[in-house]
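Here is the structure we will look at, set down as structure tokens.
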Amino acid sequence: MRLTKLVTRTSKMVPSEEESKNAQLLIRAGYVHKEMSGVYSYLPLGKIVLDNIANIVREEINKTGAFEVQMSSLQSRELWEKTGRWDDKLVDNWFKTKLANGQELGLGLTHEEPVINSLLPFVSSYKDLPFAVYQVQTKFRNEIRAKSGLMRSRELLMKDQYSFSKSEDDHKKYYEEMADVYLKIYSRFGVGDITYRTYADGGIFSEFSDEFQTLSEVGEDTIYVDEEKRIAINKEVYKDDVLKKLGLDKSKLVERKAVEVGNIFSLGTKYTKELGLDYIDENGKKQDIVMGCYGIGVSRMMGLLAEHFSDEKGLSWPKEVAPAIVYLINIGNDSEVVKAADEAYDELTAKGIKVIYDDRDLRPGEKFADADLLGIPYRVVVSEKNLAEKKYELKARNEDSLHILSMQELLKYIA
RNA sequence: CGGGGUGUGGCGCAGUUGGCUAGCGCGCCGCGUUUGGGACGCGGAGGUCGAAGGUUCGAGUCCUUUCACCCCGACCA
């Protein structure tokens with residue numbers, strides 16, 4: 001990508017209405033635009049990051065054999081009334097709207113009901129089970145108060161997954177498998193070491209659910225971490241009898257602030273029963289289906305990563321989510337230098353490396369500052385200094401040292 | 001919903017006790033000089049002051065209503 005073609009621009013100014021670091025940086029760098037409180041648009045570079053995050057999640061979830069689907073955002077009142085969850089007293093963050101004829105609709109905030117409903121025609125035998133589907137979709141939640149940039153927004157991108165098992169035992173196995181997959185996903189995001197599987201309230205379905213909490217000062221949740229066992233417990237269930245039940249030693253727990261980046265739930269047979277999703281077993285007997293749901297906040301993850309991987313100069317994305325691997329700079333407008341930079345751009349691109357090429361007619365200082373602010377992992381400079389030897393200067397975003405490398409060495413370095 | 005705060009060109013801000021053509025910086029456009037850590041000169045474009053109503057000879061400045069945004073709290077299937 002050539003920056004002369006990119007419509008967005010960075011800004012030195014911090015938007016005064018944004019307090020949270022993630023939103024400040026993402027707006028300054030031109031990744032997102034705030035439309036209204038808790039509602040953000042993703043501009044070209046932001047869209048790439050968001051997709052990268054979603055795709056990592058997809059890759060790992062696909063490995064588990066789950067199928068990707070895409071449910072509708074518009075939700076029928078009738079369907080949700082079958083489980084009682086249309087009621088604002090039970091689910092208070094619905095966005096509700098109306099058809100032209102006055103019929104009420106909701107904007108999807110979770111999808112247990114429609115997933116079950118849409119699969120009803122296909123599931124009837126033990127041979128159909130188990131299976132899981134997931135989607136990466138925009139959710140609408142009418143939060144009383146949006147805050148912390150992408151961390152608590154009203155329109156958010158989420159990976160939500162639903163599993164269907166023949167029995168409670170089968171479900172438990174799948175659930176544990178998913179918990180492991182989740183930890184793997186957070187490792188790929190570079191926050192594996194500060195993300196904890198966390199016991200939390202199980203709601204009406206089970207005693208506990210599992211949250212995945214990433215330590216962060218901006219977190220809204222308070223958790224108690226057992227560093228050795230690498231598990232934590234949410235403050236909401238932090239009680240002596242619960243600790244005892246979980247075998248946690250109070251003296252080993254450390255109180256921390258954290259961001260909930262994922263949540264997995266056992267749903268039992270409540271929804272499948274209410275909506276009539278069941279199966280006939282090997283003996284011709286009707287059986288209930290056990291359901292689980294598994295969420296990862298994709299846009300929230302982007303906010304968290306922006307918040308976590310940043311310094312006074314700007315963002316510093318992990319390689320896997322960065323909008324490009326290399327930020328290529330030509331210094332000066334000397335035709336030889338420009339030619340060499342163009343060639344480097346073509347060569348890197350041909351090798352499948354994503355490059356942001358700062359081909360603008362700017363002074364070096366501005367280019368360096370933008371390279372830092374945008375948070376691209378490697379900065380590669382083409383200048384007169386190293387032109388004769390056909391060498392390139394490489395600097396990693398999170399290191400101070402410079403490396404003078406040939407194209408061969410450079411490719412090896414960033415691989 | 002309670003408490004606190006803020007709305008003035010795209011962004012960040014200033015605007016005295018109401019007073020004449022609403023300023024400054026960044027960014028943007030043009031010309032020129034610059035080119036290894038956000039350069040500089042000259043010349044431009046762009047706002048009706050969140051919105052509505054009111055007081056006044058006169059309102060960005062005062063009053064009323066309203067909308068939006070931020071922070072704290074309550075809330076978070």
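Ordered as shown in the structure tokens, chains take letters A, B, and onward, while each chain numbers its residues from 1 and ligands are numbered from 1 in the order shown.
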Find the residues of chain B in contact range of chain A, meaning any atom within 9 Å when counting only C-alpha atoms (C1' of nucleotides), and list them as a CSV table (one decimal) with N, CA and C atoms (P, O5', C5', C4', C3', O3' and C1' of nucleotides), in the first residue's frame.
```csv
chain,number,residue,atom,x,y,z
B,6,U,P,-17.1,23.3,32.2
B,6,U,O5',-17.0,22.7,30.8
B,6,U,C5',-15.8,22.3,30.2
B,6,U,C4',-16.0,21.6,28.9
B,6,U,C3',-16.7,22.5,27.9
B,6,U,O3',-15.9,23.4,27.2
B,6,U,C1',-17.6,20.3,27.8
B,11,C,P,-13.8,18.3,13.9
B,11,C,O5',-12.3,18.2,14.4
B,11,C,C5',-11.7,17.0,14.6
B,11,C,C4',-10.3,17.1,15.1
B,11,C,C3',-10.1,18.0,16.4
B,11,C,O3',-10.4,17.4,17.6
B,11,C,C1',-8.5,18.7,14.8
B,12,G,P,-11.0,18.2,18.8
B,12,G,O5',-9.7,19.0,19.3
B,12,G,C5',-8.6,18.3,19.8
B,12,G,C4',-7.5,19.3,20.2
B,12,G,C3',-8.0,20.4,21.1
B,12,G,O3',-8.0,20.0,22.4
B,12,G,C1',-6.7,21.3,19.3
B,26,C,P,1.1,26.3,12.8
B,26,C,O5',0.4,24.8,12.9
B,26,C,C5',1.0,23.8,13.6
B,26,C,C4',0.1,22.6,13.6
B,26,C,C3',-0.3,22.0,12.2
B,26,C,O3',0.7,21.2,11.7
B,26,C,C1',-2.3,22.2,13.5
B,27,G,P,1.0,21.2,10.1
B,27,G,O5',-0.4,20.7,9.5
B,27,G,C5',-0.7,19.3,9.6
B,27,G,C4',-2.2,19.1,9.1
B,27,G,C3',-2.4,19.5,7.7
B,27,G,O3',-2.0,18.5,6.8
B,27,G,C1',-4.1,20.4,9.0
B,34,U,P,17.3,25.0,-1.6
B,34,U,O5',16.8,24.7,-0.1
B,34,U,C5',17.0,23.4,0.4
B,34,U,C4',16.4,23.3,1.7
B,34,U,C3',16.4,21.9,2.3
B,34,U,O3',17.6,21.6,2.9
B,34,U,C1',14.2,22.8,2.5
B,35,U,P,18.5,20.4,2.4
B,35,U,O5',17.7,19.2,3.0
B,35,U,C5',17.4,19.2,4.4
B,35,U,C4',16.5,18.0,4.7
B,35,U,C3',17.1,16.7,4.2
B,35,U,O3',17.0,15.7,5.2
B,35,U,C1',15.0,17.0,3.3
B,36,G,P,18.2,15.5,6.3
B,36,G,O5',17.5,15.0,7.6
B,36,G,C5',16.4,14.1,7.7
B,36,G,C4',16.7,13.2,8.8
B,36,G,C3',17.9,13.5,9.6
B,36,G,O3',17.8,13.2,11.0
B,36,G,C1',18.0,11.3,8.8
B,37,G,P,17.0,14.1,12.0
B,37,G,O5',15.5,13.5,11.7
B,37,G,C5',14.4,14.5,11.5
B,37,G,C4',13.4,14.3,12.6
B,37,G,C3',13.9,14.7,14.0
B,37,G,O3',12.9,15.3,14.8
B,37,G,C1',13.2,12.5,14.1
B,38,G,P,12.5,16.8,14.3
B,38,G,O5',11.4,16.5,13.2
B,38,G,C5',10.2,15.8,13.6
B,38,G,C4',9.2,16.1,12.6
B,38,G,C3',8.6,17.5,12.6
B,38,G,O3',8.2,17.8,11.3
B,38,G,C1',6.9,15.9,13.1
B,39,A,P,9.0,18.9,10.5
B,39,A,O5',9.5,20.1,11.5
B,39,A,C5',9.1,21.4,11.3
B,39,A,C4',10.3,22.2,10.7
B,39,A,C3',9.9,23.5,10.3
B,39,A,O3',10.0,24.4,11.4
B,39,A,C1',11.2,22.5,8.6
B,68,A,P,-29.3,13.2,22.7
B,68,A,O5',-27.8,13.5,22.3
B,68,A,C5',-27.4,13.5,21.0
B,68,A,C4',-26.0,14.0,20.9
B,68,A,C3',-24.9,13.4,21.8
B,68,A,O3',-24.4,12.2,21.2
B,68,A,C1',-24.7,15.7,21.9
B,69,C,P,-23.9,11.1,22.2
B,69,C,O5',-22.5,11.7,22.7
B,69,C,C5',-21.4,11.9,21.8
B,69,C,C4',-20.3,12.6,22.5
B,69,C,C3',-19.8,12.0,23.8
B,69,C,O3',-18.9,10.9,23.5
B,69,C,C1',-20.1,14.3,24.0
B,70,C,P,-18.9,9.8,24.7
B,70,C,O5',-17.9,10.4,25.7
B,70,C,C5',-16.6,10.8,25.4
B,70,C,C4',-15.9,11.5,26.5
B,70,C,C3',-16.0,10.8,27.9
B,70,C,O3',-15.0,9.7,28.0
B,70,C,C1',-16.6,13.0,28.2
B,71,C,P,-15.3,8.5,28.9
B,71,C,O5',-15.1,9.1,30.4
B,71,C,C5',-13.9,9.5,30.8
B,71,C,C4',-14.0,10.1,32.2
B,71,C,C3',-14.7,9.2,33.2
B,71,C,O3',-13.8,8.3,33.8
B,71,C,C1',-15.6,11.4,33.3
B,75,C,P,-25.0,-2.4,40.3
B,75,C,O5',-25.5,-2.4,38.8
B,75,C,C5',-26.8,-2.4,38.4
B,75,C,C4',-27.0,-2.4,36.9
B,75,C,C3',-26.2,-3.6,36.2
B,75,C,O3',-27.0,-4.7,36.1
B,75,C,C1',-25.7,-1.5,35.1
B,76,C,P,-26.2,-6.1,36.1
B,76,C,O5',-25.5,-6.1,34.7
B,76,C,C5',-26.2,-6.3,33.5
B,76,C,C4',-25.2,-6.3,32.3
B,76,C,C3',-24.2,-7.4,32.4
B,76,C,O3',-24.6,-8.6,31.7
B,76,C,C1',-23.2,-5.3,31.9
B,77,A,P,-24.4,-10.0,32.4
B,77,A,O5',-25.6,-10.9,31.8
B,77,A,C5',-26.9,-10.6,32.2
B,77,A,C4',-27.8,-11.4,31.3
B,77,A,C3',-27.3,-12.8,31.0
B,77,A,O3',-27.7,-13.8,31.9
B,77,A,C1',-27.9,-11.7,29.0
```
Next item on the list: Tell me, as a PyMOL selection string, which residues lie within 10 Å of stretch 258-264 of chain A, counting only C-alpha atoms (C1' of nucleotides); anything in the same chain fewer than 3 positions away does not count.
Entry: chain A and resi 151+158-162+175-176+178-179+182-183+186+194-200+202+208-224+234+255+267+292-301+304
Restricting it to N, CA and C atoms, dump the selection as a compact mmCIF listing (two decimals), in the first residue's frame.
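New file selection.txt:
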```txt
# COMPACT_ATOMS: atom_id res chain seq x y z
N MET A 151 -13.58 -0.79 24.02
CA MET A 151 -13.74 -1.80 25.06
C MET A 151 -15.19 -2.05 25.45
N MET A 158 -18.13 -9.51 17.14
CA MET A 158 -17.96 -10.60 18.08
C MET A 158 -17.93 -11.93 17.36
N LYS A 159 -17.12 -12.83 17.88
CA LYS A 159 -17.17 -14.21 17.40
C LYS A 159 -18.03 -14.93 18.41
N ASP A 160 -19.16 -15.45 17.96
CA ASP A 160 -19.99 -16.23 18.87
C ASP A 160 -20.23 -17.60 18.26
N GLN A 161 -20.10 -18.57 19.13
CA GLN A 161 -20.09 -19.96 18.69
C GLN A 161 -21.06 -20.76 19.56
N TYR A 162 -21.68 -21.75 18.95
CA TYR A 162 -22.69 -22.52 19.66
C TYR A 162 -22.44 -23.99 19.41
N TYR A 175 -16.42 -28.46 25.81
CA TYR A 175 -16.24 -27.21 26.54
C TYR A 175 -14.78 -27.04 26.97
N GLU A 176 -14.21 -28.10 27.49
CA GLU A 176 -12.80 -28.04 27.92
C GLU A 176 -11.87 -27.86 26.72
N MET A 178 -12.61 -26.29 24.03
CA MET A 178 -12.72 -24.89 23.63
C MET A 178 -11.93 -23.98 24.56
N ALA A 179 -11.94 -24.29 25.82
CA ALA A 179 -11.18 -23.47 26.77
C ALA A 179 -9.70 -23.47 26.39
N TYR A 182 -9.19 -21.38 23.28
CA TYR A 182 -9.23 -19.96 23.62
C TYR A 182 -7.86 -19.48 24.10
N LEU A 183 -7.25 -20.25 24.98
CA LEU A 183 -5.95 -19.84 25.50
C LEU A 183 -4.92 -19.76 24.37
N TYR A 186 -5.43 -16.48 22.46
CA TYR A 186 -4.88 -15.30 23.14
C TYR A 186 -3.35 -15.30 23.08
N ILE A 194 -0.69 -12.96 29.98
CA ILE A 194 -1.46 -12.13 30.93
C ILE A 194 -2.96 -12.39 30.82
N THR A 195 -3.30 -13.52 30.20
CA THR A 195 -4.71 -13.86 30.07
C THR A 195 -5.01 -15.11 30.89
N TYR A 196 -6.04 -15.02 31.69
CA TYR A 196 -6.36 -16.10 32.61
C TYR A 196 -7.77 -16.64 32.41
N ARG A 197 -7.85 -17.94 32.43
CA ARG A 197 -9.17 -18.56 32.51
C ARG A 197 -9.70 -18.22 33.90
N THR A 198 -10.89 -17.66 33.92
CA THR A 198 -11.40 -17.09 35.17
C THR A 198 -12.79 -17.61 35.50
N TYR A 199 -12.93 -18.13 36.68
CA TYR A 199 -14.26 -18.57 37.12
C TYR A 199 -15.18 -17.37 37.28
N ALA A 200 -16.37 -17.52 36.74
CA ALA A 200 -17.34 -16.44 36.87
C ALA A 200 -18.71 -17.03 37.07
N GLY A 202 -22.19 -18.44 36.58
CA GLY A 202 -22.71 -19.23 35.47
C GLY A 202 -24.10 -18.84 35.04
N PHE A 208 -20.93 -22.23 37.27
CA PHE A 208 -19.90 -21.30 36.84
C PHE A 208 -19.87 -21.21 35.32
N SER A 209 -19.37 -20.09 34.85
CA SER A 209 -18.99 -20.01 33.46
C SER A 209 -17.50 -19.68 33.50
N ASP A 210 -16.87 -19.72 32.34
CA ASP A 210 -15.46 -19.37 32.31
C ASP A 210 -15.27 -18.12 31.48
N GLU A 211 -14.65 -17.15 32.10
CA GLU A 211 -14.28 -15.94 31.37
C GLU A 211 -12.81 -16.02 31.05
N PHE A 212 -12.41 -15.29 30.02
CA PHE A 212 -10.99 -15.17 29.74
C PHE A 212 -10.67 -13.71 29.96
N GLN A 213 -9.85 -13.48 30.97
CA GLN A 213 -9.58 -12.13 31.42
C GLN A 213 -8.12 -11.78 31.16
N THR A 214 -7.92 -10.66 30.49
CA THR A 214 -6.56 -10.19 30.23
C THR A 214 -6.24 -9.05 31.18
N LEU A 215 -5.16 -9.18 31.89
CA LEU A 215 -4.79 -8.16 32.87
C LEU A 215 -4.59 -6.82 32.17
N SER A 216 -5.20 -5.79 32.72
CA SER A 216 -5.05 -4.46 32.16
C SER A 216 -5.59 -3.45 33.16
N GLU A 217 -4.85 -2.37 33.27
CA GLU A 217 -5.26 -1.33 34.22
C GLU A 217 -6.60 -0.71 33.83
N VAL A 218 -6.92 -0.77 32.54
CA VAL A 218 -8.16 -0.16 32.09
C VAL A 218 -9.35 -1.14 32.18
N GLY A 219 -9.07 -2.32 32.68
CA GLY A 219 -10.12 -3.32 32.77
C GLY A 219 -11.27 -2.90 33.69
N GLU A 220 -12.45 -3.40 33.37
CA GLU A 220 -13.62 -3.08 34.19
C GLU A 220 -13.84 -4.14 35.25
N ASP A 221 -13.19 -5.28 35.08
CA ASP A 221 -13.41 -6.38 36.00
C ASP A 221 -12.29 -6.48 37.02
N THR A 222 -12.67 -6.92 38.19
CA THR A 222 -11.68 -7.22 39.21
C THR A 222 -11.63 -8.73 39.35
N ILE A 223 -10.42 -9.26 39.24
CA ILE A 223 -10.28 -10.71 39.38
C ILE A 223 -9.19 -11.01 40.39
N TYR A 224 -9.22 -12.24 40.91
CA TYR A 224 -8.20 -12.68 41.85
C TYR A 224 -7.43 -13.81 41.18
N ASN A 234 -13.39 -14.42 39.33
CA ASN A 234 -13.98 -13.08 39.23
C ASN A 234 -14.51 -12.66 40.59
N GLU A 255 -5.19 -9.60 43.71
CA GLU A 255 -6.26 -8.83 43.07
C GLU A 255 -5.72 -8.05 41.88
N LEU A 267 -24.95 -24.03 28.55
CA LEU A 267 -26.35 -23.59 28.55
C LEU A 267 -27.32 -24.70 28.89
N GLY A 292 -23.83 -25.23 24.33
CA GLY A 292 -22.84 -24.35 24.95
C GLY A 292 -22.65 -23.14 24.05
N CYS A 293 -22.21 -22.03 24.62
CA CYS A 293 -21.90 -20.89 23.76
C CYS A 293 -20.56 -20.31 24.15
N TYR A 294 -19.89 -19.71 23.14
CA TYR A 294 -18.48 -19.36 23.28
C TYR A 294 -18.24 -18.03 22.56
N GLY A 295 -17.92 -17.01 23.29
CA GLY A 295 -17.76 -15.69 22.66
C GLY A 295 -16.36 -15.13 22.78
N ILE A 296 -15.97 -14.41 21.74
CA ILE A 296 -14.74 -13.61 21.80
C ILE A 296 -15.06 -12.24 21.23
N GLY A 297 -14.78 -11.21 21.97
CA GLY A 297 -15.03 -9.86 21.48
C GLY A 297 -13.90 -9.44 20.55
N VAL A 298 -14.17 -9.46 19.25
CA VAL A 298 -13.12 -9.17 18.28
C VAL A 298 -12.74 -7.68 18.31
N SER A 299 -13.73 -6.82 18.30
CA SER A 299 -13.42 -5.39 18.32
C SER A 299 -12.84 -4.99 19.68
N ARG A 300 -13.34 -5.61 20.72
CA ARG A 300 -12.77 -5.33 22.04
C ARG A 300 -11.31 -5.75 22.10
N MET A 301 -11.03 -6.88 21.44
CA MET A 301 -9.65 -7.38 21.38
C MET A 301 -8.75 -6.34 20.72
N LEU A 304 -8.08 -3.69 23.16
CA LEU A 304 -7.15 -4.16 24.19
C LEU A 304 -5.73 -4.20 23.65
```
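Atom pair atom CA of A:Arg154 / atom CA of A:Ala232: separated by 27.5 Å.
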Notebook entry, point to check: If we count only C-alpha atoms (C1' of nucleotides), what is near B:C49 at a cut-off of 9 Å, once residues fewer than 6 positions away on the same chain are taken out, given as a list in words?
Noted result: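 Here the qualifying residues turn out to be U8, A22 and G60 of chain B.
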Would you mind exporting the chosen residues as a compact mmCIF listing (two decimals), in the first residue's frame, restricted to C-alpha atoms (C1' of nucleotides)?
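So again.txt came out as:
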```txt
# COMPACT_ATOMS: atom_id res chain seq x y z
C1' U B 8 -16.57 28.14 18.75
C1' A B 22 -15.14 35.91 15.43
C1' G B 60 -20.04 33.43 21.05
```
Checklist line | DSSP strand (DSSP E or B) residues within stretch 56-150 of chain A, as a ChimeraX atom specification | finding: /A:67-68,74-76,95-98,104-107,125,131-140,147
Would you output that residue set with C-alpha atoms, as a PDB file, in the first residue's frame?
```pdb
ATOM      1  CA  PHE A  67     -18.627 -24.299  10.714  1.00  0.00           C
ATOM      2  CA  GLU A  68     -18.853 -20.605  10.096  1.00  0.00           C
ATOM      3  CA  LEU A  74     -32.687  -8.374  12.549  1.00  0.00           C
ATOM      4  CA  GLN A  75     -34.440 -10.549  15.055  1.00  0.00           C
ATOM      5  CA  SER A  76     -38.054 -11.613  15.263  1.00  0.00           C
ATOM      6  CA  PHE A  95     -32.063  -2.339  20.596  1.00  0.00           C
ATOM      7  CA  LYS A  96     -35.602  -2.642  19.359  1.00  0.00           C
ATOM      8  CA  THR A  97     -37.058  -1.231  16.205  1.00  0.00           C
ATOM      9  CA  LYS A  98     -40.113  -1.643  14.010  1.00  0.00           C
ATOM     10  CA  GLU A 104     -41.476  -5.117  16.424  1.00  0.00           C
ATOM     11  CA  LEU A 105     -37.972  -6.310  15.687  1.00  0.00           C
ATOM     12  CA  GLY A 106     -34.763  -6.538  17.663  1.00  0.00           C
ATOM     13  CA  LEU A 107     -31.160  -6.001  16.640  1.00  0.00           C
ATOM     14  CA  SER A 125     -30.896 -37.938  14.852  1.00  0.00           C
ATOM     15  CA  PHE A 131     -21.594 -30.177  15.942  1.00  0.00           C
ATOM     16  CA  ALA A 132     -20.814 -26.521  16.415  1.00  0.00           C
ATOM     17  CA  VAL A 133     -21.317 -23.382  14.386  1.00  0.00           C
ATOM     18  CA  TYR A 134     -19.929 -19.919  14.831  1.00  0.00           C
ATOM     19  CA  GLN A 135     -20.050 -16.521  13.270  1.00  0.00           C
ATOM     20  CA  VAL A 136     -18.097 -13.277  13.330  1.00  0.00           C
ATOM     21  CA  GLN A 137     -20.776 -10.690  13.366  1.00  0.00           C
ATOM     22  CA  THR A 138     -21.748  -7.242  14.456  1.00  0.00           C
ATOM     23  CA  LYS A 139     -23.727  -7.243  17.660  1.00  0.00           C
ATOM     24  CA  PHE A 140     -25.862  -4.452  18.988  1.00  0.00           C
ATOM     25  CA  LYS A 147     -16.888   3.791  27.593  1.00  0.00           C
TER      26      LYS A 147
END
```
Next item on the list: Within stretch 23-185 of chain A, find each residue whose DSSP state, derived from the backbone, is helix (DSSP H, G or I), and express the selection as number ranges by chain.
Entry: A: 23-28, 44-63, 77-82, 112-119, 126-128, 149-151, 168-185
Notebook entry, point to check: Distance atom C1' of B:C42-atom CA of A:Asn330, one decimal place?
Noted result: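 Distance between the two atoms: 28.8 Å.
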